[in-house]
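The structure under discussion appears below in the form of structure tokens.
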Amino acid sequence: MTEISERPVKKVPTLRGKTIVLFFHEPSTRTRTSFDIAAKRLSADSISLSASTSSVVKGETLIDTARNLEAMNPDVIVIRHSSAGAPHMLASILKASVINGGDGMHAHPTQCLLDLMTVRKYKGSFQGLRVAIIGDISHSRVARSNIIGFTKMGAEVVLAGPPTMIPKGIESLGASVTYSVDDAVCNADVIMMLRIQKERQRAFLFPTEREYARVYGLNKKRLECAADDVLVMHPGPLNRGVEMDSVTADGPYSVILEQVTNGVALRMALFYLVAGGLRNVDD
């Protein structure tokens with residue numbers, strides 16, 4: 001799938017005749033566009049809907065909206081929703097394949113897969129890797145999915161951030177916790193910075209962005225303690241000067257834009273598996 005995206009003509013007929021609905025209840029740039037491009041590169045017909053342009057604004061329930069969409073016989077429905085569990089619930093009642101494009105603060109599985117894809121390209125194996133995830137852990141579905149994904153593949157995951165942004169009991173997912181960014185970054189093979197999700201916060205959880213950047217932001221000085229071949233990642237959108245400075249975001253260790261590139265190929269592969277391709281279960 002990566003090779004297809006590098007061709008002069010970035011299109012194959014693999015899913016010609018298939019219909020994919022992108023149903024996004026929350027704003028999105030990378031994920032929504034990535035799914036849309038992935039569908040088009042496989043020659044599928046993709047239709048994008050948002051809550052503001054659907055009958056949800058008229059009072060229609062999510063289930064009724066989904067059932068009406070299914071009545072038009074789509075092959076795949078990609079949904080992003082503010083409520084945790086919404087994709088799982090729809091998958092249990094719809095015949096069409098359902099892909100989770102992010103649900104509330106619960107999970108973002110395709111982001112986790114593209115992050116794993118990016119790390120494996122550079123590191124080869126996950127065994128023994130130290131992965132530091134830093135920032136607003138409480139409100140991050142990316143953090144939860146990546147804790148599960150990286151630990152399952154054999155990596156060590158350490159979380160860091162303000163005490164007000166680290167939920168109690170998060171260690172049960174398999175990660176360790178520190179409130180010192182310097183401790184988390186030291187000897188890290190992968191550093192993933194997370195956005196402060198103000199839209200999900202019901203109270204002020206830190207004094208100022210300037211203070212946050214000073215105490216918890218990633219910069220060149222902090223990187224000196226990490227592994228020599230460290231990877232710097234961010235699921236986006238990036239708040240420059242807050243989660244990390246521009247020197248770090250655009251520096252030689254950053255693979256942030258490559259994450260975006262890999263997201264298209266990864267989602268092409270998912271569409272192929274759920275809508276058109278066959279997989280050898282023995283592999």
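Labels used: A, B, ... for chains in the order of the structure tokens, numbers from 1 for residues in each chain, and numbers from 1 for ligands as shown.
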Quiz item: Near Ile20 in chain A, counting only C-alpha atoms, which residues have an atom at most 8 Å away, once you skip same-chain residues fewer than 5 positions from it, shown as a PyMOL selection string?
Solution: chain A and resi 39+44-47+74-78
For the selection just defined, write its residues with C-alpha atoms to a file, as a PDB file, in the first residue's frame.
```
ATOM      1  CA  ALA A  39     -10.584   4.842  -0.111  1.00  0.00           C
ATOM      2  CA  ALA A  44     -13.789   2.879  -3.704  1.00  0.00           C
ATOM      3  CA  ASP A  45     -16.590   5.457  -3.642  1.00  0.00           C
ATOM      4  CA  SER A  46     -16.340   7.461  -0.415  1.00  0.00           C
ATOM      5  CA  ILE A  47     -19.014   9.714   1.073  1.00  0.00           C
ATOM      6  CA  PRO A  74     -22.475   0.729   2.012  1.00  0.00           C
ATOM      7  CA  ASP A  75     -19.685  -1.792   2.483  1.00  0.00           C
ATOM      8  CA  VAL A  76     -17.815   0.050   5.249  1.00  0.00           C
ATOM      9  CA  ILE A  77     -18.755   2.758   7.732  1.00  0.00           C
ATOM     10  CA  VAL A  78     -15.924   4.664   9.429  1.00  0.00           C
TER      11      VAL A  78
END
```
Practice problem: For Gly169 in chain A, please output as a PyMOL selection string all residues within 12 Å (counting only C-alpha atoms; exclusion window: fewer than 6 positions along the same chain). | Solution: chain A and resi 137-138+175-177
Quiz item: If you count only C-alpha atoms, which residues fall within 10 Å of Val190 in chain A, apart from same-chain ones fewer than 2 positions away, as a PyMOL selection string?
Solution: chain A and resi 119+123+129-133+157+185+187-188+192-193+226-227+229-233+253
N, CA, C and O atoms of the current selection, written as a short mmCIF file (atom, residue, chain, number, x, y, z; two decimals), in the first residue's frame:
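Generated file (again19.cif):
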```
data_model
loop_
_atom_site.label_atom_id
_atom_site.label_comp_id
_atom_site.auth_asym_id
_atom_site.auth_seq_id
_atom_site.Cartn_x
_atom_site.Cartn_y
_atom_site.Cartn_z
N VAL A 119 7.15 2.96 13.89
CA VAL A 119 8.24 2.55 14.77
C VAL A 119 8.92 1.30 14.23
O VAL A 119 10.16 1.19 14.24
N LYS A 123 12.87 0.68 13.86
CA LYS A 123 13.45 -0.13 14.94
C LYS A 123 13.47 -1.62 14.62
O LYS A 123 14.21 -2.37 15.27
N LEU A 129 12.11 -2.08 23.63
CA LEU A 129 12.03 -0.63 23.40
C LEU A 129 11.39 0.07 24.59
O LEU A 129 10.46 -0.45 25.22
N ARG A 130 11.88 1.26 24.87
CA ARG A 130 11.28 2.10 25.91
C ARG A 130 10.51 3.21 25.22
O ARG A 130 11.09 4.04 24.50
N VAL A 131 9.20 3.21 25.40
CA VAL A 131 8.32 4.18 24.75
C VAL A 131 7.76 5.12 25.80
O VAL A 131 7.06 4.69 26.74
N ALA A 132 8.06 6.41 25.68
CA ALA A 132 7.56 7.42 26.61
C ALA A 132 6.39 8.15 25.96
O ALA A 132 6.52 8.70 24.87
N ILE A 133 5.24 8.14 26.62
CA ILE A 133 4.06 8.88 26.16
C ILE A 133 3.82 10.00 27.17
O ILE A 133 3.59 9.74 28.35
N VAL A 157 6.27 0.73 28.20
CA VAL A 157 5.63 2.04 28.05
C VAL A 157 5.64 2.77 29.39
O VAL A 157 5.21 2.23 30.41
N VAL A 185 11.85 10.60 29.59
CA VAL A 185 12.63 10.76 28.36
C VAL A 185 13.97 10.05 28.43
O VAL A 185 14.49 9.57 27.41
N ASN A 187 16.79 7.71 28.24
CA ASN A 187 16.98 6.40 27.59
C ASN A 187 15.79 5.94 26.76
O ASN A 187 15.71 4.76 26.40
N ALA A 188 14.86 6.83 26.47
CA ALA A 188 13.69 6.46 25.67
C ALA A 188 14.08 6.24 24.21
O ALA A 188 14.87 6.99 23.64
N MET A 192 6.53 9.98 22.45
CA MET A 192 5.29 10.43 21.84
C MET A 192 4.68 11.54 22.69
O MET A 192 4.28 11.31 23.84
N MET A 193 4.61 12.74 22.14
CA MET A 193 4.02 13.87 22.84
C MET A 193 2.54 13.97 22.47
O MET A 193 2.15 13.74 21.32
N ALA A 226 17.79 11.11 25.88
CA ALA A 226 17.15 9.99 25.21
C ALA A 226 18.17 9.15 24.45
O ALA A 226 19.35 9.51 24.35
N ALA A 227 17.72 8.05 23.87
CA ALA A 227 18.60 7.20 23.06
C ALA A 227 19.11 7.98 21.86
O ALA A 227 18.46 8.91 21.38
N ASP A 229 19.25 7.22 18.81
CA ASP A 229 18.40 7.10 17.62
C ASP A 229 16.92 7.22 17.97
O ASP A 229 16.06 6.56 17.39
N VAL A 230 16.63 8.07 18.95
CA VAL A 230 15.26 8.24 19.42
C VAL A 230 14.34 8.72 18.30
O VAL A 230 14.76 9.46 17.39
N LEU A 231 13.07 8.31 18.36
CA LEU A 231 12.05 8.79 17.43
C LEU A 231 11.12 9.72 18.19
O LEU A 231 10.65 9.38 19.28
N VAL A 232 10.85 10.89 17.62
CA VAL A 232 9.92 11.85 18.22
C VAL A 232 8.62 11.80 17.43
O VAL A 232 8.62 12.01 16.21
N MET A 233 7.52 11.54 18.13
CA MET A 233 6.23 11.36 17.48
C MET A 233 5.17 12.28 18.09
O MET A 233 5.31 12.75 19.22
N TYR A 253 15.11 13.95 14.49
CA TYR A 253 14.52 12.81 15.18
C TYR A 253 13.01 12.71 14.95
O TYR A 253 12.40 11.70 15.29
#
```
Exercise. Enumerate as a list in words all residues of range 88-132 of chain A assigned to strand (DSSP E) by DSSP on the backbone, naming them with the chain letters and numbers the document uses.
Key: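 Going through range 88-132 of chain A, the strand (DSSP E) residues come out as Ser97, Val98, Ile99, Asn100, Gly101, Gly102, Asp103, Arg130, Val131 and Ala132 of chain A.
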Could you dump the residues just selected with all heavy atoms as an mmCIF file, in the first residue's frame?
```cif
data_model
loop_
_atom_site.group_PDB
_atom_site.id
_atom_site.type_symbol
_atom_site.label_atom_id
_atom_site.label_comp_id
_atom_site.auth_asym_id
_atom_site.auth_seq_id
_atom_site.Cartn_x
_atom_site.Cartn_y
_atom_site.Cartn_z
ATOM 1 N N SER A 97 -19.307 -3.386 7.546
ATOM 2 C CA SER A 97 -18.120 -3.350 8.391
ATOM 3 C C SER A 97 -18.001 -1.967 9.034
ATOM 4 O O SER A 97 -18.281 -0.955 8.388
ATOM 5 C CB SER A 97 -16.867 -3.632 7.556
ATOM 6 O OG SER A 97 -16.921 -4.927 7.005
ATOM 7 N N VAL A 98 -17.611 -1.931 10.295
ATOM 8 C CA VAL A 98 -17.482 -0.669 11.024
ATOM 9 C C VAL A 98 -16.033 -0.517 11.479
ATOM 10 O O VAL A 98 -15.469 -1.422 12.097
ATOM 11 C CB VAL A 98 -18.417 -0.611 12.244
ATOM 12 C CG1 VAL A 98 -18.183 0.672 13.036
ATOM 13 C CG2 VAL A 98 -19.875 -0.699 11.806
ATOM 14 N N ILE A 99 -15.431 0.619 11.175
ATOM 15 C CA ILE A 99 -14.074 0.930 11.607
ATOM 16 C C ILE A 99 -14.131 2.105 12.572
ATOM 17 O O ILE A 99 -14.768 3.126 12.292
ATOM 18 C CB ILE A 99 -13.160 1.261 10.408
ATOM 19 C CG1 ILE A 99 -12.988 0.026 9.518
ATOM 20 C CG2 ILE A 99 -11.798 1.758 10.884
ATOM 21 C CD1 ILE A 99 -12.140 0.267 8.277
ATOM 22 N N ASN A 100 -13.456 1.962 13.691
ATOM 23 C CA ASN A 100 -13.416 3.000 14.705
ATOM 24 C C ASN A 100 -12.404 4.072 14.316
ATOM 25 O O ASN A 100 -11.201 3.825 14.285
ATOM 26 C CB ASN A 100 -13.033 2.373 16.053
ATOM 27 C CG ASN A 100 -13.062 3.367 17.199
ATOM 28 O OD1 ASN A 100 -13.223 4.568 16.984
ATOM 29 N ND2 ASN A 100 -12.913 2.882 18.416
ATOM 30 N N GLY A 101 -12.892 5.278 14.045
ATOM 31 C CA GLY A 101 -12.024 6.399 13.727
ATOM 32 C C GLY A 101 -11.707 7.255 14.938
ATOM 33 O O GLY A 101 -11.185 8.366 14.802
ATOM 34 N N GLY A 102 -12.003 6.725 16.136
ATOM 35 C CA GLY A 102 -11.776 7.457 17.378
ATOM 36 C C GLY A 102 -13.091 7.636 18.116
ATOM 37 O O GLY A 102 -14.021 8.212 17.558
ATOM 38 N N ASP A 103 -13.159 7.133 19.349
ATOM 39 C CA ASP A 103 -14.415 7.281 20.117
ATOM 40 C C ASP A 103 -14.129 7.868 21.492
ATOM 41 O O ASP A 103 -13.566 7.226 22.368
ATOM 42 C CB ASP A 103 -15.165 5.943 20.230
ATOM 43 C CG ASP A 103 -14.357 4.841 20.887
ATOM 44 O OD1 ASP A 103 -13.119 4.868 20.787
ATOM 45 O OD2 ASP A 103 -14.973 3.947 21.515
ATOM 46 N N ARG A 130 11.879 1.255 24.873
ATOM 47 C CA ARG A 130 11.284 2.097 25.910
ATOM 48 C C ARG A 130 10.509 3.211 25.217
ATOM 49 O O ARG A 130 11.094 4.036 24.503
ATOM 50 C CB ARG A 130 12.367 2.683 26.820
ATOM 51 C CG ARG A 130 11.847 3.621 27.921
ATOM 52 C CD ARG A 130 13.003 4.119 28.786
ATOM 53 N NE ARG A 130 12.613 5.185 29.687
ATOM 54 C CZ ARG A 130 12.085 4.995 30.896
ATOM 55 N NH1 ARG A 130 11.886 3.760 31.326
ATOM 56 N NH2 ARG A 130 11.768 6.018 31.678
ATOM 57 N N VAL A 131 9.202 3.213 25.401
ATOM 58 C CA VAL A 131 8.319 4.175 24.748
ATOM 59 C C VAL A 131 7.757 5.123 25.803
ATOM 60 O O VAL A 131 7.065 4.689 26.736
ATOM 61 C CB VAL A 131 7.163 3.468 24.010
ATOM 62 C CG1 VAL A 131 6.248 4.489 23.339
ATOM 63 C CG2 VAL A 131 7.716 2.484 22.977
ATOM 64 N N ALA A 132 8.061 6.410 25.682
ATOM 65 C CA ALA A 132 7.558 7.421 26.611
ATOM 66 C C ALA A 132 6.389 8.155 25.961
ATOM 67 O O ALA A 132 6.524 8.705 24.870
ATOM 68 C CB ALA A 132 8.664 8.409 26.975
#
```
Practice problem: For each of A:Pro237, A:Ile256, A:Leu116, A:Tyr122, take the minimum atom-to-atom distance to Lys152 in chain A, counting only C-alpha atoms, then give the residue where this is smallest. | Solution: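 Among A:Pro237, A:Ile256, A:Leu116, A:Tyr122, it is A:Leu116 that comes nearest to Lys152 in chain A.
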Quiz item: Can you tell me, as number ranges by chain, what residues are no more than 10 Å from Leu238 in chain A when counting only C-alpha atoms, ignoring any on the same chain fewer than 6 positions away?
Solution: A: 193-196, 244-245, 249, 256
Those residues with N, CA, C and O atoms, as an mmCIF file, in the first residue's frame please?
```cif
data_model
loop_
_atom_site.group_PDB
_atom_site.id
_atom_site.type_symbol
_atom_site.label_atom_id
_atom_site.label_comp_id
_atom_site.auth_asym_id
_atom_site.auth_seq_id
_atom_site.Cartn_x
_atom_site.Cartn_y
_atom_site.Cartn_z
ATOM 1 N N MET A 193 4.612 12.737 22.138
ATOM 2 C CA MET A 193 4.016 13.867 22.836
ATOM 3 C C MET A 193 2.541 13.967 22.470
ATOM 4 O O MET A 193 2.152 13.736 21.316
ATOM 5 N N LEU A 194 1.719 14.313 23.445
ATOM 6 C CA LEU A 194 0.273 14.397 23.228
ATOM 7 C C LEU A 194 -0.218 15.832 23.360
ATOM 8 O O LEU A 194 0.307 16.616 24.147
ATOM 9 N N ARG A 195 -1.259 16.138 22.607
ATOM 10 C CA ARG A 195 -1.872 17.471 22.644
ATOM 11 C C ARG A 195 -2.671 17.666 23.932
ATOM 12 O O ARG A 195 -3.298 16.732 24.431
ATOM 13 N N ILE A 196 -2.651 18.887 24.446
ATOM 14 C CA ILE A 196 -3.528 19.243 25.557
ATOM 15 C C ILE A 196 -4.941 19.401 24.992
ATOM 16 O O ILE A 196 -5.193 20.289 24.178
ATOM 17 N N MET A 244 5.909 20.738 22.305
ATOM 18 C CA MET A 244 7.321 20.722 21.923
ATOM 19 C C MET A 244 7.641 21.974 21.128
ATOM 20 O O MET A 244 6.756 22.598 20.544
ATOM 21 N N ASP A 245 8.917 22.327 21.100
ATOM 22 C CA ASP A 245 9.314 23.509 20.340
ATOM 23 C C ASP A 245 9.513 23.141 18.867
ATOM 24 O O ASP A 245 9.561 21.958 18.498
ATOM 25 N N ALA A 249 10.214 19.609 16.764
ATOM 26 C CA ALA A 249 9.168 19.125 15.853
ATOM 27 C C ALA A 249 9.678 18.960 14.432
ATOM 28 O O ALA A 249 9.232 18.059 13.699
ATOM 29 N N ILE A 256 6.984 12.848 12.642
ATOM 30 C CA ILE A 256 5.586 13.262 12.742
ATOM 31 C C ILE A 256 4.891 13.236 11.375
ATOM 32 O O ILE A 256 3.780 12.703 11.242
#
```
Practice problem: Just the residues within 10 Å of Ser125 in chain A, please, counting only C-alpha atoms, with nothing from its chain fewer than 6 positions along; format it as a VMD selection string. | Solution: chain A and resid 119 153 to 155
Quiz prompt | Residue neighbourhood range 106-110 of chain A, 10 Å, only C-alpha atoms, exclusion window fewer than 5 positions, as a list in words | solution =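 So, after excluding close chain neighbours, the residues are Thr31, Arg80, Ser82, Ser83, Ala84, Gly85, Ile99, Asn100, Gly101, Asp115, Leu116, Ser138, His139, Ser140, Arg141, Val142, Ala143, Arg144, Ser145, Asn146, Ile148, Gly149, Gly263, Leu266, Arg267 and Leu270 of chain A.
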Practice problem: One decimal, Å: what's the distance from CA of Gly135 in chain A over to CA of Ile166 in chain A, could you say? | Solution: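 According to the coordinates, CA of Gly135 in chain A and CA of Ile166 in chain A are separated by 8.5 Å.
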